[in-house]
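Trainee: Sharing coords.tsv, TSV, C-alpha atoms:
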```tsv
chain	number	residue	atom	x	y	z
A	1	MET	CA	86.67	70.38	103.26
A	2	GLU	CA	83.03	70.22	102.21
A	3	ASN	CA	83.48	71.05	98.57
A	4	LEU	CA	87.10	70.56	97.68
A	5	LEU	CA	86.24	70.09	94.01
A	6	GLN	CA	84.62	73.51	93.75
A	7	TYR	CA	87.31	75.18	95.83
A	8	ILE	CA	90.22	73.88	93.76
A	9	HIS	CA	88.32	74.35	90.52
A	10	ASP	CA	87.66	78.01	91.28
A	11	LYS	CA	91.31	78.56	92.08
A	12	LEU	CA	92.54	76.83	88.93
A	13	LYS	CA	89.94	78.53	86.75
A	14	ALA	CA	90.91	81.95	88.08
A	15	LYS	CA	94.56	81.34	87.40
A	16	PHE	CA	94.57	79.23	84.22
A	17	GLY	CA	91.15	79.80	82.61
A	18	ASP	CA	90.62	77.67	79.54
A	19	ALA	CA	93.48	75.32	80.40
A	20	ILE	CA	91.10	73.53	82.77
A	21	ILE	CA	89.06	71.27	80.49
A	22	SER	CA	86.85	69.56	83.04
A	23	ALA	CA	86.40	68.99	86.75
A	24	GLU	CA	84.35	66.24	88.31
A	25	GLN	CA	84.01	64.22	91.49
A	26	LEU	CA	84.81	60.56	90.93
A	27	TYR	CA	83.92	58.76	94.16
A	28	ASP	CA	85.93	60.58	96.83
A	29	PHE	CA	88.39	62.16	94.42
A	30	PRO	CA	88.12	65.52	92.67
A	31	VAL	CA	89.50	64.92	89.18
A	32	PHE	CA	90.70	67.72	86.91
A	33	VAL	CA	91.49	67.29	83.25
A	34	VAL	CA	93.83	69.97	82.02
A	35	LYS	CA	95.61	70.94	78.81
A	36	ARG	CA	98.99	69.36	78.20
A	37	GLU	CA	100.66	72.73	77.54
A	38	ASN	CA	99.84	73.94	81.06
A	39	ILE	CA	100.46	70.79	83.08
A	40	PHE	CA	103.77	71.93	84.52
A	41	ASP	CA	102.51	75.36	85.53
A	42	ILE	CA	99.38	73.87	87.06
A	43	MET	CA	101.36	71.33	89.05
A	44	LYS	CA	103.74	74.07	90.16
A	45	PHE	CA	100.82	76.23	91.25
A	46	LEU	CA	99.14	73.36	93.11
A	47	LYS	CA	102.36	72.60	94.92
A	48	GLU	CA	103.64	76.07	95.69
A	49	ASP	CA	100.47	78.09	96.30
A	50	THR	CA	100.06	78.39	100.05
A	51	GLU	CA	96.30	77.83	99.92
A	52	THR	CA	96.36	74.67	97.83
A	53	GLY	CA	99.70	73.29	99.07
A	54	PHE	CA	99.70	69.88	97.38
A	55	GLU	CA	103.29	69.17	98.31
A	56	PHE	CA	103.21	65.42	97.97
A	57	LEU	CA	102.97	63.50	94.70
A	58	THR	CA	101.33	60.24	95.76
A	59	THR	CA	101.58	58.61	92.38
A	60	LEU	CA	101.72	59.20	88.68
A	61	CYS	CA	100.70	56.85	85.93
A	62	GLY	CA	100.22	56.54	82.21
A	63	LEU	CA	96.83	56.08	80.57
A	64	HIS	CA	95.82	54.71	77.21
A	65	TYR	CA	92.31	54.98	75.78
A	66	PRO	CA	92.60	53.82	72.15
A	67	GLU	CA	88.98	54.81	71.42
A	68	ASN	CA	89.59	58.51	72.21
A	69	LYS	CA	90.96	59.54	68.83
A	70	GLY	CA	93.33	62.49	68.98
A	71	HIS	CA	94.01	62.17	72.69
A	72	GLU	CA	94.67	58.48	73.24
A	73	LEU	CA	97.49	58.71	75.75
A	74	GLY	CA	97.48	60.50	79.05
A	75	VAL	CA	99.15	60.95	82.40
A	76	MET	CA	97.42	60.97	85.75
A	77	TYR	CA	98.97	62.70	88.77
A	78	GLN	CA	97.63	62.09	92.24
A	79	LEU	CA	98.42	64.85	94.70
A	80	HIS	CA	98.13	65.03	98.47
A	81	ASN	CA	98.04	68.00	100.81
A	82	LEU	CA	99.37	66.31	103.93
A	83	PRO	CA	98.48	68.93	106.61
A	84	LYS	CA	94.87	69.29	105.42
A	85	ASN	CA	94.54	65.73	104.09
A	86	TRP	CA	93.23	66.86	100.71
A	87	ARG	CA	93.68	64.55	97.78
A	88	ILE	CA	93.08	65.30	94.11
A	89	ARG	CA	93.86	63.90	90.69
A	90	VAL	CA	95.07	65.82	87.70
A	91	LYS	CA	94.89	64.28	84.24
A	92	THR	CA	96.15	65.40	80.90
A	93	PHE	CA	95.67	63.79	77.50
A	94	PHE	CA	97.53	64.01	74.20
A	95	PRO	CA	97.65	62.21	70.83
A	96	ILE	CA	99.59	58.97	70.53
A	97	THR	CA	101.40	60.41	67.53
A	98	ALA	CA	103.01	63.09	69.73
A	99	PRO	CA	103.35	61.46	73.14
A	100	GLU	CA	105.16	64.30	74.86
A	101	VAL	CA	104.51	66.03	78.14
A	102	GLN	CA	106.53	68.27	80.42
A	103	SER	CA	108.37	66.42	83.19
A	104	VAL	CA	107.51	67.34	86.78
A	105	THR	CA	110.73	65.86	88.16
A	106	SER	CA	112.04	69.32	89.01
A	107	LEU	CA	108.95	69.86	91.20
A	108	PHE	CA	108.66	66.38	92.70
A	109	PRO	CA	111.92	64.37	92.71
A	110	SER	CA	109.83	61.24	93.34
A	111	ALA	CA	108.46	61.61	89.81
A	112	ASN	CA	111.85	60.63	88.38
A	113	TRP	CA	111.47	56.86	88.48
A	114	GLN	CA	107.71	56.99	87.96
A	115	GLU	CA	108.12	58.96	84.75
A	116	ARG	CA	110.77	56.51	83.62
A	117	GLN	CA	108.29	53.70	84.25
A	118	GLU	CA	105.60	55.40	82.18
A	119	TYR	CA	108.13	55.96	79.44
A	120	ASP	CA	109.01	52.28	79.67
A	121	PHE	CA	105.43	51.00	79.50
A	122	PHE	CA	103.60	53.64	77.44
A	123	GLY	CA	106.34	55.42	75.50
A	124	ILE	CA	105.42	58.80	76.91
A	125	ILE	CA	108.28	61.25	76.43
A	126	PHE	CA	108.72	63.43	79.52
A	127	LYS	CA	110.44	66.56	78.27
A	128	GLY	CA	113.06	67.85	80.69
A	129	HIS	CA	113.49	64.53	82.48
A	130	PRO	CA	117.13	64.16	83.58
A	131	ASN	CA	117.50	60.46	82.73
A	132	LEU	CA	114.70	59.18	80.54
A	133	LYS	CA	115.46	55.52	79.84
A	134	ARG	CA	113.73	52.20	80.50
A	135	ILE	CA	113.57	51.22	84.16
A	136	LEU	CA	111.89	47.79	84.41
A	137	ASN	CA	112.09	46.16	81.00
A	138	MET	CA	115.28	45.23	79.23
A	139	ASP	CA	116.80	47.97	77.12
A	140	SER	CA	116.56	45.89	73.97
A	141	MET	CA	112.75	45.92	74.07
A	142	ASN	CA	111.47	47.80	71.02
A	143	TYR	CA	107.81	48.34	71.98
A	144	TYR	CA	105.73	49.72	74.83
A	145	PRO	CA	103.98	46.75	76.39
A	146	MET	CA	101.20	48.47	78.36
A	147	ARG	CA	99.69	50.17	75.32
A	148	LYS	CA	96.39	48.58	74.40
A	149	GLU	CA	97.46	47.60	70.92
A	150	TYR	CA	98.40	43.94	71.33
A	151	PRO	CA	96.26	40.79	71.19
A	152	LEU	CA	96.07	38.89	74.50
A	153	GLU	CA	97.71	35.85	72.95
A	154	ASP	CA	100.37	36.84	70.49
A	155	ALA	CA	100.59	34.16	67.81
A	156	THR	CA	103.79	35.56	66.38
A	157	ARG	CA	105.81	35.08	69.54
A	158	ASP	CA	108.84	32.86	69.17
A	159	ASP	CA	110.08	32.87	72.75
A	160	LYS	CA	107.53	30.29	73.95
A	161	ASN	CA	108.05	26.64	73.17
A	162	ASP	CA	104.62	25.03	73.24
A	163	SER	CA	105.70	21.64	71.95
A	164	MET	CA	105.81	20.23	75.47
A	165	PHE	CA	102.55	21.75	76.68
A	166	GLY	CA	100.17	20.77	73.92
A	167	ARG	CA	98.25	24.01	73.73
B	1	MET	CA	119.77	5.96	97.94
B	2	SER	CA	120.65	2.35	97.50
B	3	GLU	CA	124.33	2.92	98.30
B	4	VAL	CA	123.64	4.12	101.83
B	5	ILE	CA	124.16	1.62	104.60
B	6	THR	CA	121.31	2.35	106.97
B	7	GLU	CA	122.26	0.16	109.94
B	8	LYS	CA	124.37	2.48	112.07
B	9	ALA	CA	126.55	5.18	110.62
B	10	THR	CA	125.49	6.75	107.35
B	11	ILE	CA	128.42	6.09	105.09
B	12	VAL	CA	128.22	5.84	101.34
B	13	GLU	CA	129.28	2.56	99.83
B	14	ALA	CA	132.55	2.21	98.00
B	15	PRO	CA	132.28	2.15	94.22
B	16	ALA	CA	132.76	-1.09	92.30
B	17	GLY	CA	136.41	-2.11	92.48
B	18	TYR	CA	138.89	-4.82	93.31
B	19	GLN	CA	139.41	-5.47	96.96
B	20	GLN	CA	141.85	-7.69	98.82
B	21	PRO	CA	143.17	-7.44	102.37
B	22	GLY	CA	145.25	-4.30	102.53
B	23	PHE	CA	144.25	-2.59	99.30
B	24	PHE	CA	141.33	-1.47	97.23
B	25	ALA	CA	141.55	-0.60	93.55
B	26	THR	CA	139.01	1.29	91.46
B	27	SER	CA	139.09	3.71	88.57
B	28	LEU	CA	139.94	7.36	89.16
B	29	ASP	CA	136.61	8.40	87.59
B	30	LYS	CA	134.67	6.51	90.22
B	31	ALA	CA	136.75	7.70	93.17
B	32	VAL	CA	136.49	11.32	92.05
B	33	GLY	CA	132.78	10.92	91.29
B	34	LEU	CA	132.19	9.50	94.75
B	35	ALA	CA	133.92	12.45	96.37
B	36	ARG	CA	132.21	15.03	94.21
B	37	LYS	CA	128.69	13.74	94.49
B	38	ASN	CA	128.76	13.64	98.26
B	39	SER	CA	130.12	17.13	98.71
B	40	ILE	CA	128.13	19.24	96.26
B	41	TRP	CA	128.27	22.95	97.04
B	42	PRO	CA	125.05	24.49	95.80
B	43	LEU	CA	124.71	28.11	94.77
B	44	PRO	CA	121.11	29.17	95.41
B	45	PHE	CA	119.81	31.58	92.77
B	46	ALA	CA	116.44	32.13	94.42
B	47	THR	CA	114.19	34.80	92.91
B	48	SER	CA	110.75	33.90	94.23
B	49	CYS	CA	108.52	31.41	96.05
B	50	CYS	CA	110.61	28.35	95.12
B	51	GLY	CA	113.32	29.97	97.21
B	52	ILE	CA	111.06	29.66	100.26
B	53	GLU	CA	110.70	25.93	99.65
B	54	PHE	CA	114.45	25.82	99.31
B	55	MET	CA	114.79	27.32	102.79
B	56	ALA	CA	112.68	24.45	104.11
B	57	LEU	CA	114.90	22.07	102.18
B	58	MET	CA	118.02	23.43	103.88
B	59	ALA	CA	116.48	23.54	107.36
B	60	SER	CA	116.53	20.71	109.86
B	61	HIS	CA	113.30	18.98	108.82
B	62	TYR	CA	114.39	18.09	105.28
B	63	ASP	CA	118.09	18.77	105.84
B	64	LEU	CA	119.99	18.70	102.60
B	65	GLY	CA	123.10	18.29	104.74
B	66	ARG	CA	122.38	14.56	104.75
B	67	PHE	CA	123.45	14.58	101.12
B	68	GLY	CA	126.68	16.44	101.77
B	69	ALA	CA	125.24	19.61	100.27
B	70	GLU	CA	124.73	21.71	103.40
B	71	ARG	CA	127.49	24.13	102.55
B	72	LEU	CA	125.84	26.78	100.39
B	73	SER	CA	128.27	28.72	98.31
B	74	PHE	CA	127.22	32.30	97.80
B	75	SER	CA	130.15	32.85	95.49
B	76	PRO	CA	129.80	31.22	92.08
B	77	ARG	CA	133.56	30.66	92.01
B	78	GLN	CA	133.40	27.87	94.56
B	79	ALA	CA	130.02	26.41	93.67
B	80	ASP	CA	129.41	23.09	91.94
B	81	LEU	CA	125.68	23.26	91.49
B	82	LEU	CA	123.65	26.25	90.37
B	83	MET	CA	120.12	25.94	91.72
B	84	VAL	CA	117.81	28.31	89.85
B	85	MET	CA	114.63	28.74	91.85
B	86	GLY	CA	111.94	31.09	90.68
B	87	THR	CA	110.80	33.32	87.87
B	88	ILE	CA	113.63	34.67	85.77
B	89	ALA	CA	112.69	37.92	84.05
B	90	LYS	CA	114.26	38.55	80.69
B	91	LYS	CA	116.16	41.41	82.27
B	92	MET	CA	117.61	38.91	84.76
B	93	ALA	CA	118.79	36.51	82.04
B	94	PRO	CA	122.18	38.20	81.44
B	95	VAL	CA	122.79	38.14	85.20
B	96	LEU	CA	122.03	34.43	85.34
B	97	ARG	CA	124.36	33.82	82.41
B	98	GLN	CA	127.10	35.76	84.11
B	99	VAL	CA	126.72	33.81	87.34
B	100	TYR	CA	126.88	30.58	85.34
B	101	GLN	CA	129.99	31.77	83.54
B	102	GLN	CA	131.68	32.64	86.82
B	103	MET	CA	131.30	29.07	88.05
B	104	ALA	CA	134.30	26.79	87.57
B	105	GLU	CA	134.00	23.52	85.71
B	106	PRO	CA	132.71	20.99	86.48
B	107	ARG	CA	129.37	22.69	87.14
B	108	TRP	CA	125.81	21.46	87.15
B	109	VAL	CA	122.48	23.27	86.95
B	110	LEU	CA	119.22	22.35	88.63
B	111	SER	CA	116.11	24.18	87.50
B	112	MET	CA	113.55	24.20	90.29
B	113	GLY	CA	109.88	24.80	89.63
B	114	ALA	CA	107.66	25.64	86.67
B	115	CYS	CA	108.90	29.21	86.23
B	116	ALA	CA	112.58	28.42	85.98
B	117	SER	CA	111.88	25.41	83.77
B	118	SER	CA	109.36	26.91	81.35
B	119	GLY	CA	108.25	30.37	82.42
B	120	GLY	CA	105.37	28.76	84.28
B	121	ILE	CA	102.20	30.82	84.56
B	122	PHE	CA	104.14	33.91	83.48
B	123	ASP	CA	103.48	33.49	79.80
B	124	THR	CA	104.34	37.11	79.13
B	125	TYR	CA	106.70	39.49	77.37
B	126	SER	CA	108.88	40.18	80.38
B	127	VAL	CA	109.61	36.63	81.57
B	128	LEU	CA	112.20	34.24	80.25
B	129	GLN	CA	110.35	31.14	79.04
B	130	GLY	CA	112.66	28.64	80.71
B	131	ILE	CA	116.26	29.12	81.79
B	132	ASP	CA	117.40	26.50	79.28
B	133	ARG	CA	117.10	29.31	76.74
B	134	VAL	CA	120.22	30.91	78.19
B	135	ILE	CA	122.13	28.23	80.11
B	136	PRO	CA	122.28	24.42	79.87
B	137	VAL	CA	120.24	22.59	82.52
B	138	ASP	CA	120.98	19.15	83.94
B	139	VAL	CA	117.90	18.42	86.04
B	140	TYR	CA	114.41	19.95	85.98
B	141	VAL	CA	112.25	19.71	89.09
B	142	PRO	CA	108.56	20.24	88.22
B	143	GLY	CA	106.05	21.81	90.59
B	144	CYS	CA	104.67	25.21	91.52
B	145	PRO	CA	106.46	25.30	93.84
B	146	PRO	CA	107.88	21.78	94.24
B	147	ARG	CA	107.81	20.28	97.71
B	148	PRO	CA	111.19	19.83	99.37
B	149	GLU	CA	110.92	16.07	98.80
B	150	GLN	CA	110.81	16.71	95.07
B	151	VAL	CA	113.89	18.89	95.27
B	152	ILE	CA	115.66	16.18	97.25
B	153	ASP	CA	114.81	13.83	94.40
B	154	GLY	CA	116.24	16.38	91.96
B	155	ILE	CA	119.43	16.63	94.04
B	156	MET	CA	119.71	12.86	94.01
B	157	GLN	CA	119.38	12.89	90.23
B	158	ILE	CA	122.18	15.46	90.16
B	159	GLN	CA	124.22	13.20	92.44
B	160	LYS	CA	123.73	10.37	89.97
B	161	LEU	CA	124.97	12.55	87.15
B	162	VAL	CA	127.91	13.81	89.19
B	163	GLY	CA	128.88	10.34	90.39
B	164	SER	CA	128.81	8.76	86.96
B	165	GLU	CA	130.37	11.58	84.99
B	166	SER	CA	133.49	10.73	83.05
B	167	LEU	CA	136.49	12.91	83.83
B	168	ARG	CA	136.83	13.57	80.12
B	169	ARG	CA	133.26	14.74	79.56
B	170	ARG	CA	133.99	18.45	79.90
B	171	HIS	CA	136.70	18.16	77.25
B	172	SER	CA	134.60	16.22	74.79
B	173	PRO	CA	133.64	17.78	71.45
B	174	GLU	CA	129.94	17.16	72.22
B	175	TYR	CA	130.19	19.18	75.41
B	176	LYS	CA	132.10	21.97	73.70
B	177	GLU	CA	129.54	22.09	70.93
B	178	MET	CA	126.72	22.25	73.46
B	179	MET	CA	128.39	25.16	75.23
B	180	LYS	CA	128.93	26.88	71.90
B	181	LYS	CA	125.23	26.53	71.15
B	182	TYR	CA	124.55	28.56	74.28
B	183	GLY	CA	127.11	31.14	73.26
B	184	PHE	CA	129.78	30.17	75.79
B	185	GLU	CA	133.30	29.72	74.46
```
Just give me the structure of the file as structure tokens.
Mentor:
Amino acid sequence: MENLLQYIHDKLKAKFGDAIISAEQLYDFPVFVVKRENIFDIMKFLKEDTETGFEFLTTLCGLHYPENKGHELGVMYQLHNLPKNWRIRVKTFFPITAPEVQSVTSLFPSANWQERQEYDFFGIIFKGHPNLKRILNMDSMNYYPMRKEYPLEDATRDDKNDSMFGR
Amino acid sequence: MSEVITEKATIVEAPAGYQQPGFFATSLDKAVGLARKNSIWPLPFATSCCGIEFMALMASHYDLGRFGAERLSFSPRQADLLMVMGTIAKKMAPVLRQVYQQMAEPRWVLSMGACASSGGIFDTYSVLQGIDRVIPVDVYVPGCPPRPEQVIDGIMQIQKLVGSESLRRRHSPEYKEMMKKYGFE
């Protein structure tokens, strides 16, 4: 489609109004930033509406921008309309003090493990997820390692024995 | 391998002992050590690229079978030698410990490559910084990954340990204390 960005934006704007914060074309991807409160309804609409028909969740990932005060954390969803080969991204941001967002597992079962991974690495709580626990790291880990709040070389680590390496 | 007679058949030499026509006497330690070291059953615990080098080691070109170790044991119950090859994530550490615990005494551990020995390049929160943090290791083979020749050398070091081990070692207070340090009773 010539102007997928405009087409989807018009549809979303008509249905959700102010919940659509911004829409822009980043390289070959239309990217929509939406309000956290509406993310589930928007995803449901994008999937189930016969004209949009984004039935495939390509991927989902956590985001952390420490410099954006008040909406540091986010989730990005990448959707695919397979018959028409349309691809879009939907992003939503929220404060790190309340890292909660509605789970889309009931819409896309493939989101189950991906949401667990983002919980594991970013500490994002997906409300309504059937089994929200760590997936890759050990359960005893008490921090979220992909958040940008750690120095590259952690001087306080005690699991590395440097005596033999002379660093 | 100084003990190997290279002229015709490859037969290991008899241990030091007293020999006269019709009999040969040596200590039980040495006879048992001789048998053990030439029939090591390795358990490959291969998690990454070192495991690929290990495949070369077992194949015909390098042929670990020459050392009596061609019979890989994929059950820890029957294995003598645990060969840890590759990066061990912290989440994998309890699994490795369990495999070690399932092995019957006497058991030996060979740590192959930089990752298993020290965490290697994976100086990060998710990787165990050396398997000797969770299980005792007998021989470390350096390299990233080590060539099969290096692993053969490591196996020969293990053979030396196995061949010279006292039958009482596993009952000694030092050994028990070492196991206790690692949290094994």
Trainee: Give as a ChimeraX atom specification every residue of chain B that touches chain A within 12 Å, counting all atoms listed in the file.
Mentor: /B:89-95,114,117-134
Trainee: Restricting the output to C-alpha atoms, write the selected residues as an mmCIF file, in the frame of the given file.
Mentor:
```cif
data_model
loop_
_atom_site.group_PDB
_atom_site.id
_atom_site.type_symbol
_atom_site.label_atom_id
_atom_site.label_comp_id
_atom_site.auth_asym_id
_atom_site.auth_seq_id
_atom_site.Cartn_x
_atom_site.Cartn_y
_atom_site.Cartn_z
ATOM 1 C CA ALA B 89 112.690 37.920 84.050
ATOM 2 C CA LYS B 90 114.260 38.550 80.690
ATOM 3 C CA LYS B 91 116.160 41.410 82.270
ATOM 4 C CA MET B 92 117.610 38.910 84.760
ATOM 5 C CA ALA B 93 118.790 36.510 82.040
ATOM 6 C CA PRO B 94 122.180 38.200 81.440
ATOM 7 C CA VAL B 95 122.790 38.140 85.200
ATOM 8 C CA ALA B 114 107.660 25.640 86.670
ATOM 9 C CA SER B 117 111.880 25.410 83.770
ATOM 10 C CA SER B 118 109.360 26.910 81.350
ATOM 11 C CA GLY B 119 108.250 30.370 82.420
ATOM 12 C CA GLY B 120 105.370 28.760 84.280
ATOM 13 C CA ILE B 121 102.200 30.820 84.560
ATOM 14 C CA PHE B 122 104.140 33.910 83.480
ATOM 15 C CA ASP B 123 103.480 33.490 79.800
ATOM 16 C CA THR B 124 104.340 37.110 79.130
ATOM 17 C CA TYR B 125 106.700 39.490 77.370
ATOM 18 C CA SER B 126 108.880 40.180 80.380
ATOM 19 C CA VAL B 127 109.610 36.630 81.570
ATOM 20 C CA LEU B 128 112.200 34.240 80.250
ATOM 21 C CA GLN B 129 110.350 31.140 79.040
ATOM 22 C CA GLY B 130 112.660 28.640 80.710
ATOM 23 C CA ILE B 131 116.260 29.120 81.790
ATOM 24 C CA ASP B 132 117.400 26.500 79.280
ATOM 25 C CA ARG B 133 117.100 29.310 76.740
ATOM 26 C CA VAL B 134 120.220 30.910 78.190
#
```
Trainee: What is the CA of Lys133 (chain A) to CA of Arg116 (chain A) distance in Å?
Mentor: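 One can read the CA of Lys133 (chain A) to CA of Arg116 (chain A) distance as 6.1 Å.
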Trainee: Quick one: residues within 12 Å of region 21-31 of chain B, only C-alpha atoms counted, chain neighbours fewer than 2 positions away excluded, as a compact mmCIF listing (two decimals) with C-alpha atoms, keeping the file's coordinate frame?
Mentor:
```
# COMPACT_ATOMS: atom_id res chain seq x y z
CA VAL B 12 128.22 5.84 101.34
CA GLU B 13 129.28 2.56 99.83
CA ALA B 14 132.55 2.21 98.00
CA PRO B 15 132.28 2.15 94.22
CA ALA B 16 132.76 -1.09 92.30
CA GLY B 17 136.41 -2.11 92.48
CA TYR B 18 138.89 -4.82 93.31
CA GLN B 19 139.41 -5.47 96.96
CA GLY B 33 132.78 10.92 91.29
CA LEU B 34 132.19 9.50 94.75
CA ALA B 35 133.92 12.45 96.37
CA ARG B 36 132.21 15.03 94.21
CA LYS B 37 128.69 13.74 94.49
CA ASN B 38 128.76 13.64 98.26
CA LYS B 160 123.73 10.37 89.97
CA LEU B 161 124.97 12.55 87.15
CA VAL B 162 127.91 13.81 89.19
CA GLY B 163 128.88 10.34 90.39
CA SER B 164 128.81 8.76 86.96
CA GLU B 165 130.37 11.58 84.99
CA SER B 166 133.49 10.73 83.05
CA LEU B 167 136.49 12.91 83.83
CA ARG B 168 136.83 13.57 80.12
CA ARG B 169 133.26 14.74 79.56
```
Trainee: Closest to Ile158 (chain B) among B:Gly65, B:Pro142, B:Pro173, B:Pro42, using all atoms listed in the file?
Mentor: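 Ranked by minimum distance to Ile158 (chain B), first place goes to B:Pro42.
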Trainee: Grab the CA of Met112 (chain B) to CA of Cys50 (chain B) distance for me, in Å with one decimal place.
Mentor: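 CA of Cys50 (chain B) lies at a distance of 7.0 Å from CA of Met112 (chain B).
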Trainee: So which residues touch region 41-54 of chain A within 7 Å, counting only C-alpha atoms, skipping near sequence neighbours fewer than 6 positions away, as an MDAnalysis selection string?
Mentor: chainID A and resid 79:81 107
Trainee: Create the file for the chosen residues now, containing C-alpha atoms and written as an mmCIF file, in the frame of the given file.
Mentor:
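Ended up saving to out-v2.cif:
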```cif
data_model
loop_
_atom_site.group_PDB
_atom_site.id
_atom_site.type_symbol
_atom_site.label_atom_id
_atom_site.label_comp_id
_atom_site.auth_asym_id
_atom_site.auth_seq_id
_atom_site.Cartn_x
_atom_site.Cartn_y
_atom_site.Cartn_z
ATOM 1 C CA LEU A 79 98.420 64.850 94.700
ATOM 2 C CA HIS A 80 98.130 65.030 98.470
ATOM 3 C CA ASN A 81 98.040 68.000 100.810
ATOM 4 C CA LEU A 107 108.950 69.860 91.200
#
```
Trainee: Box along x, y and z, 3 Å on every side, all listed atoms of region 64-78 of chain B inside: centre and edge lengths in Å to one decimal, as AutoDock Vina command-line options.
Mentor:
```
--center_x 126.8 --center_y 23.7 --center_z 98.4 --size_x 19.6 --size_y 24.3 --size_z 18.7
```
Trainee: Quote the spacing between CA of Arg77 (chain B) and CA of Glu53 (chain B) in Å to one decimal place.
Mentor: 24.6 Å
Trainee: Using all atoms listed in the file, pick whichever of A:Trp86, A:Tyr150, A:Phe40, A:Tyr65 has the shortest atom-to-atom distance to Gly128 (chain A).
Mentor: A:Phe40
Trainee: Could you check which of B:Leu43, B:Met156, B:Ile88, B:Leu96 is closest to Ser73 (chain B), using all atoms listed in the file?
Mentor: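 Checking each of B:Leu43, B:Met156, B:Ile88, B:Leu96 against Ser73 (chain B), counting all atoms listed in the file, the winner is B:Leu43.
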Trainee: Applying 10 Å and all atoms listed in the file, which residues near Thr47 (chain B) remain after dropping the ones on its own chain fewer than 2 positions away? List them as an NGL selection string.
Mentor: :B and (44-45 or 49-52 or 84-89 or 92 or 116)
Trainee: Residues at most 10 Å from Thr97 (chain A), counting all atoms listed in the file, excluding those fewer than 4 positions away in the same chain, as a PyMOL selection string?
Mentor: chain A and resi 70-73
Trainee: Looking at all atoms listed in the file, which of A:Asn112, A:Lys91, A:Asn85, A:Leu4 is the one that sits closest to Ile20 (chain A)?
Mentor: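 Looking only at the distances to Ile20 (chain A), the closest residue turns out to be A:Lys91.
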Trainee: Would it be fine to have region 19-66 of chain B, with C-alpha atoms, given as a compact mmCIF listing (two decimals), in the first residue's frame?
Mentor:
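Everything below was put into result-v9.txt:
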```txt
# COMPACT_ATOMS: atom_id res chain seq x y z
CA GLN B 19 58.47 -60.60 38.51
CA GLN B 20 59.79 -64.15 38.33
CA PRO B 21 58.95 -66.96 35.92
CA GLY B 22 55.35 -67.88 36.58
CA PHE B 23 54.21 -64.96 38.69
CA PHE B 24 54.08 -61.22 38.90
CA ALA B 25 53.44 -59.30 42.10
CA THR B 26 52.48 -55.64 42.45
CA SER B 27 50.33 -53.58 44.78
CA LEU B 28 46.56 -53.58 44.38
CA ASP B 29 46.59 -49.78 43.96
CA LYS B 30 48.76 -50.04 40.89
CA ALA B 31 46.85 -52.92 39.30
CA VAL B 32 43.52 -51.14 39.82
CA GLY B 33 44.99 -47.84 38.64
CA LEU B 34 46.28 -49.50 35.48
CA ALA B 35 42.86 -50.93 34.72
CA ARG B 36 41.01 -47.73 35.48
CA LYS B 37 43.20 -45.35 33.58
CA ASN B 38 43.03 -47.35 30.38
CA SER B 39 39.27 -47.73 30.39
CA ILE B 40 37.97 -44.29 31.31
CA TRP B 41 34.32 -43.79 30.39
CA PRO B 42 33.82 -40.10 29.71
CA LEU B 43 30.52 -38.31 30.11
CA PRO B 44 30.46 -35.41 27.64
CA PHE B 45 28.70 -32.35 29.06
CA ALA B 46 28.99 -30.28 25.89
CA THR B 47 27.16 -26.95 25.82
CA SER B 48 28.88 -25.05 23.02
CA CYS B 49 31.76 -24.83 20.55
CA CYS B 50 34.18 -26.91 22.67
CA GLY B 51 31.73 -29.74 22.10
CA ILE B 52 32.45 -29.52 18.37
CA GLU B 53 36.17 -29.93 19.02
CA PHE B 54 35.25 -32.86 21.22
CA MET B 55 33.49 -34.49 18.28
CA ALA B 56 36.73 -34.22 16.32
CA LEU B 57 38.53 -35.71 19.30
CA MET B 58 36.25 -38.75 19.30
CA ALA B 59 36.33 -39.23 15.52
CA SER B 60 38.86 -41.31 13.64
CA HIS B 61 41.48 -38.61 13.06
CA TYR B 62 42.28 -37.95 16.72
CA ASP B 63 40.56 -41.08 18.05
CA LEU B 64 40.32 -41.00 21.80
CA GLY B 65 39.70 -44.74 21.57
CA ARG B 66 43.47 -45.18 21.51
```
